[in-house]
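The structure under discussion appears below in the form of structure tokens.
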Amino acid sequence: MSTYPCINIHLNTITKNTQNMVSACHSYGVSPAGVTKLACAYPEVGQAIINGGIHLLADSRIANLKKIQRLDAEKMLLRIPAISEADDVVHYADISLNSELTTLEALSDAAVRQHKTHQIILMHDLGDLREGAFYEEETIALSHKAMAMPGIEVVGLGTNLACYGGVEPTAENQSKLVSLARQIESELGITLKYISGASSAALPLMLNGQLPQDINQLRLGASLLMGIGLNDDPIPNTQQDTFDLTAEIVELKIKPSVPINSTALDAFGNKPEFVDRGLRKRAICAIGKQDVDISEITPKDKDIIVIGGSSDHLIIDINDSQTDYHTGSLVEFELSYGGVLQCMTSEYVTKRFI
Ligand SMILES: *Cc1c(COP(=O)(O)O)cnc(C)c1O
């Protein structure tokens with residue numbers, strides 16, 4: 001495999017972000033879970049989070065939890081499990097988030113078969129309209145049924161916000177979760193270990209001192225791995241420069257900026273548009289849409305203009321740059337959340353842990 005394109009993963013920065021978020025969370029009575037899905041649960045990243053002081057790792061996919069099995073942390077499955085993967089869920093996850101009776105029955109059967117107790121956090125929908133029952137009676141009824149299942153331990157109530165519906169975590173919706181948790185506790189006669197409020201999107205609320213005291217878990221991914229939260233805004237006391245991308249220049253030539261007789265569609269069926277800047281120094285980088293969506297990457301050299309790309313080529317205008325690029329030079333890019341996700345997922349992008 002070629003060395004470039006290469007995503008550079010700054011593990012010390014992830015550990016530092018984690019340390020700072022853990023101490024902020026602790027001062028508000030919150031024990032965060034560390035979410036690894038953005039980094040496809042590469043064990044190096046899981047370990048960097050553990051080194052920052054988190055001992056519960058969470059991911060959406062069983063395939064990712066498998067990769068971090070040997071790490072010294074509890075494992076939690078975030079995406080509502082599929083019935084077809086019930087055995088793997090019980091095998092690879094200590095805890096899972098759930099909202100469906102038939103799935104819980106499958107998990108219960110699997111847990112009994114494996115002589116295990118599987119812990120579950122019931123998900124309740126507070127209006128973002130992704131997972132969880134929307135009606136409190138439904139969540140309460142499900143909690144009674146789960147409580148009676150062999151091999152299943154009801155350990156928490158959770159909700160997901162700011163994911164599908166753009167509903168912000170607020171003192172009001174978080175308080176609703178707490179009061180529903182208290183009601184479930186009194187009906188079932190148990191104490192819930194986790195009241196799992198939201199993701200990194202709840203950090204601004206917490207840092208403003210407005211997160212209800214009884215919320216004791218936040219599931220943190222983007223904040224640890226990229227220093228961002230609600231609306232991708234930076235979070236105080238974190239660094240954002242945890243990932244960057246390096247690509248290599250494979251051609252460098254002076255060319256006009258407008259194609260000669262452009263009449264056809266581009267390789268993706270779109271009508272291309274061009275800005276005429278006259279004759280310009282242009283470079284082709286060996287990276288394309290098969291690696292990452294070009295709109296998710298930004299050159300660190302602010303004098304570079306990204307002109308376009310195809311599946312395997314990125315065309316940049318380097319005419320105004322102060323740097324003396326040549327064929328074989330490396331160009332560095334910042335990445336959005338989506339850009340990191342794609343680069344980490346792509347088999348064509350080298351992962352370099354620093
Ligand atoms: C991805 C995910 C998170 C983490 O979200 P971030 O914005 O990365 O902090 C939390 N909870 C669930 C259910 C998720 O799927």
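Residues in the structure tokens are numbered from 1 in each chain, the chains being A, B, ... in the order shown, and ligands are numbered from 1 in the order shown.
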- Message: For A:Ser99, find every residue with an atom within 6 Å (counting only C-alpha atoms), except residues of its own chain fewer than 4 positions away, and show them as JSON, numbers by chain.
- Response: {"A": [122, 123, 132]}
task: Looking only at strand (DSSP E or B) from DSSP on the backbone, list the matching residues of stretch 83-289 of chain A as a ChimeraX atom specification.
output: /A:95-98,118-124,133,152-158,194-196,217,219-220,228,234,243-256,279-285
Contacts of ligand 1, 10 Å or closer, only C-alpha atoms and all ligand atoms, given as a PyMOL selection string
chain A and resi 33-38+58-61+77-80+97+123+130-131+158-163+196-203+218-232+337
List the neighbours of A:Leu252 out to 8 Å using only C-alpha atoms; skip same-chain residues closer than 3 positions along the sequence, and give me the result as a count of residues only. 7
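If only C-alpha atoms are the atoms counted, then among A:Gly53, A:Pro299, A:Asp291, A:Ile307 the closest residue to A:Asp276 is A:Ile307.
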Pick from A:Phe274, A:Phe268, A:Tyr325, A:Phe333: nearest to A:Ser310, with only C-alpha atoms counted?
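Answer, going by the shortest atom-to-atom distance: A:Phe268.
For stretch 158-211 of chain A, backbone-based DSSP labels the following residues as alpha helix (DSSP H): Ala171, Glu172, Asn173, Gln174, Ser175, Lys176, Leu177, Val178, Ser179, Leu180, Ala181, Arg182, Gln183, Ile184, Glu185, Ser186, Glu187, Leu188, Leu203, Pro204, Leu205, Met206 and Leu207 of chain A.
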Give me a file of those residues, with N, CA and C atoms, as a short mmCIF file (atom, residue, chain, number, x, y, z; two decimals), in the first residue's frame.
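Here's the written file again_25.cif:
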data_model
loop_
_atom_site.label_atom_id
_atom_site.label_comp_id
_atom_site.auth_asym_id
_atom_site.auth_seq_id
_atom_site.Cartn_x
_atom_site.Cartn_y
_atom_site.Cartn_z
N ALA A 171 -31.90 22.07 29.77
CA ALA A 171 -32.21 21.73 31.16
C ALA A 171 -33.58 21.06 31.22
N GLU A 172 -34.52 21.50 30.37
CA GLU A 172 -35.88 20.95 30.39
C GLU A 172 -35.88 19.48 29.94
N ASN A 173 -35.33 19.22 28.73
CA ASN A 173 -35.43 17.83 28.26
C ASN A 173 -34.59 16.88 29.12
N GLN A 174 -33.46 17.37 29.64
CA GLN A 174 -32.64 16.51 30.50
C GLN A 174 -33.36 16.24 31.83
N SER A 175 -34.11 17.23 32.34
CA SER A 175 -34.88 17.01 33.57
C SER A 175 -35.99 15.99 33.36
N LYS A 176 -36.59 16.03 32.18
CA LYS A 176 -37.63 15.03 31.86
C LYS A 176 -37.07 13.63 31.93
N LEU A 177 -35.83 13.48 31.43
CA LEU A 177 -35.20 12.17 31.45
C LEU A 177 -34.97 11.73 32.90
N VAL A 178 -34.53 12.66 33.73
CA VAL A 178 -34.28 12.34 35.13
C VAL A 178 -35.60 11.93 35.81
N SER A 179 -36.67 12.66 35.57
CA SER A 179 -37.90 12.31 36.29
C SER A 179 -38.47 10.98 35.80
N LEU A 180 -38.30 10.70 34.49
CA LEU A 180 -38.74 9.39 34.00
C LEU A 180 -37.88 8.27 34.63
N ALA A 181 -36.60 8.54 34.77
CA ALA A 181 -35.71 7.54 35.40
C ALA A 181 -36.15 7.29 36.85
N ARG A 182 -36.49 8.36 37.55
CA ARG A 182 -36.92 8.20 38.96
C ARG A 182 -38.22 7.40 39.04
N GLN A 183 -39.11 7.64 38.09
CA GLN A 183 -40.37 6.90 38.08
C GLN A 183 -40.13 5.41 37.82
N ILE A 184 -39.26 5.11 36.86
CA ILE A 184 -38.92 3.72 36.57
C ILE A 184 -38.29 3.06 37.80
N GLU A 185 -37.40 3.78 38.45
CA GLU A 185 -36.76 3.24 39.65
C GLU A 185 -37.80 2.89 40.72
N SER A 186 -38.78 3.78 40.91
CA SER A 186 -39.74 3.50 41.98
C SER A 186 -40.69 2.38 41.58
N GLU A 187 -41.06 2.31 40.30
CA GLU A 187 -41.95 1.22 39.88
C GLU A 187 -41.25 -0.14 39.92
N LEU A 188 -39.97 -0.16 39.54
CA LEU A 188 -39.27 -1.43 39.49
C LEU A 188 -38.58 -1.78 40.82
N LEU A 203 -22.30 19.19 26.22
CA LEU A 203 -21.20 19.79 26.99
C LEU A 203 -21.40 21.29 27.25
N PRO A 204 -21.86 22.07 26.25
CA PRO A 204 -22.08 23.50 26.54
C PRO A 204 -23.06 23.69 27.71
N LEU A 205 -24.12 22.88 27.72
CA LEU A 205 -25.11 22.96 28.81
C LEU A 205 -24.44 22.64 30.15
N MET A 206 -23.63 21.58 30.14
CA MET A 206 -22.96 21.17 31.38
C MET A 206 -21.98 22.26 31.84
N LEU A 207 -21.20 22.78 30.89
CA LEU A 207 -20.18 23.78 31.25
C LEU A 207 -20.81 25.09 31.72
#
Using only C-alpha atoms, which of the listed residues (A:Ile195, A:Ile7, A:Cys285, A:Ala141) sits closest to A:Leu341?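 The answer is A:Ile7, which sits nearest to A:Leu341.
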Atom CA of A:Arg280 to atom CA of A:Leu314 measures 15.6 Å
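The space separating atom CA of A:Cys6 from atom CA of A:Gly338 comes to 15.9 Å.
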Surrounding residues of A:Ile121 excluding itself and chain neighbours under 4 positions, 7 Å, only C-alpha atoms, as a CSV table (one decimal) with all heavy atoms, in the first residue's frame:
chain,number,residue,atom,x,y,z
A,96,SER,N,-25.7,-2.5,26.3
A,96,SER,CA,-26.2,-2.0,25.0
A,96,SER,C,-27.4,-1.1,25.3
A,96,SER,O,-28.0,-1.1,26.3
A,96,SER,CB,-26.5,-3.1,24.1
A,96,SER,OG,-27.6,-3.9,24.6
A,97,LEU,N,-27.6,-0.2,24.3
A,97,LEU,CA,-28.8,0.7,24.3
A,97,LEU,C,-29.9,0.1,23.6
A,97,LEU,O,-29.7,-0.4,22.5
A,97,LEU,CB,-28.4,2.1,23.7
A,97,LEU,CG,-27.1,2.8,24.1
A,97,LEU,CD1,-27.0,4.1,23.4
A,97,LEU,CD2,-27.0,2.9,25.6
A,98,ASN,N,-31.1,0.1,24.2
A,98,ASN,CA,-32.2,-0.7,23.6
A,98,ASN,C,-33.5,0.0,23.6
A,98,ASN,O,-33.8,0.9,24.5
A,98,ASN,CB,-32.4,-2.0,24.3
A,98,ASN,CG,-31.3,-3.0,23.9
A,98,ASN,OD1,-31.5,-3.7,22.9
A,98,ASN,ND2,-30.2,-3.0,24.6
A,154,VAL,N,-31.4,-4.2,33.9
A,154,VAL,CA,-31.8,-2.9,33.5
A,154,VAL,C,-30.9,-1.9,34.3
A,154,VAL,O,-31.0,-1.8,35.5
A,154,VAL,CB,-33.2,-2.5,33.7
A,154,VAL,CG1,-33.5,-1.1,33.2
A,154,VAL,CG2,-34.1,-3.5,33.0
A,155,VAL,N,-29.9,-1.3,33.7
A,155,VAL,CA,-29.0,-0.4,34.4
A,155,VAL,C,-29.1,1.1,34.1
A,155,VAL,O,-28.4,1.9,34.8
A,155,VAL,CB,-27.5,-0.8,34.2
A,155,VAL,CG1,-27.2,-2.2,34.7
A,155,VAL,CG2,-27.1,-0.7,32.7
A,156,GLY,N,-29.9,1.4,33.2
A,156,GLY,CA,-30.0,2.9,32.9
A,156,GLY,C,-31.1,3.3,32.0
A,156,GLY,O,-31.8,2.5,31.4
A,157,LEU,N,-31.3,4.6,31.9
A,157,LEU,CA,-32.2,5.2,31.0
A,157,LEU,C,-31.4,6.3,30.2
A,157,LEU,O,-30.6,7.0,30.8
A,157,LEU,CB,-33.4,5.9,31.8
A,157,LEU,CG,-34.4,6.5,30.9
A,157,LEU,CD1,-35.3,5.5,30.1
A,157,LEU,CD2,-35.3,7.4,31.7
A,158,GLY,N,-31.6,6.3,28.9
A,158,GLY,CA,-30.8,7.2,28.1
A,158,GLY,C,-31.7,7.9,27.0
A,158,GLY,O,-32.8,7.5,26.8
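Computed from the coordinates, the atom CA of A:Gln239 to atom CA of A:Gly165 distance equals 27.3 Å.
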Exercise. Determine the nearest neighbour of A:Ile315 from the options A:Leu11, A:Met76, A:Val250, A:Leu142, counting only C-alpha atoms.
Key: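 Among the listed residues, the smallest separation from A:Ile315 belongs to A:Val250.
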Under the rule that only C-alpha atoms are counted, which of A:Asp241, A:Asp303, A:Glu332, A:Asp312 is the nearest residue to A:Ala267?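 Among A:Asp241, A:Asp303, A:Glu332, A:Asp312, it is A:Asp312 that comes nearest to A:Ala267.
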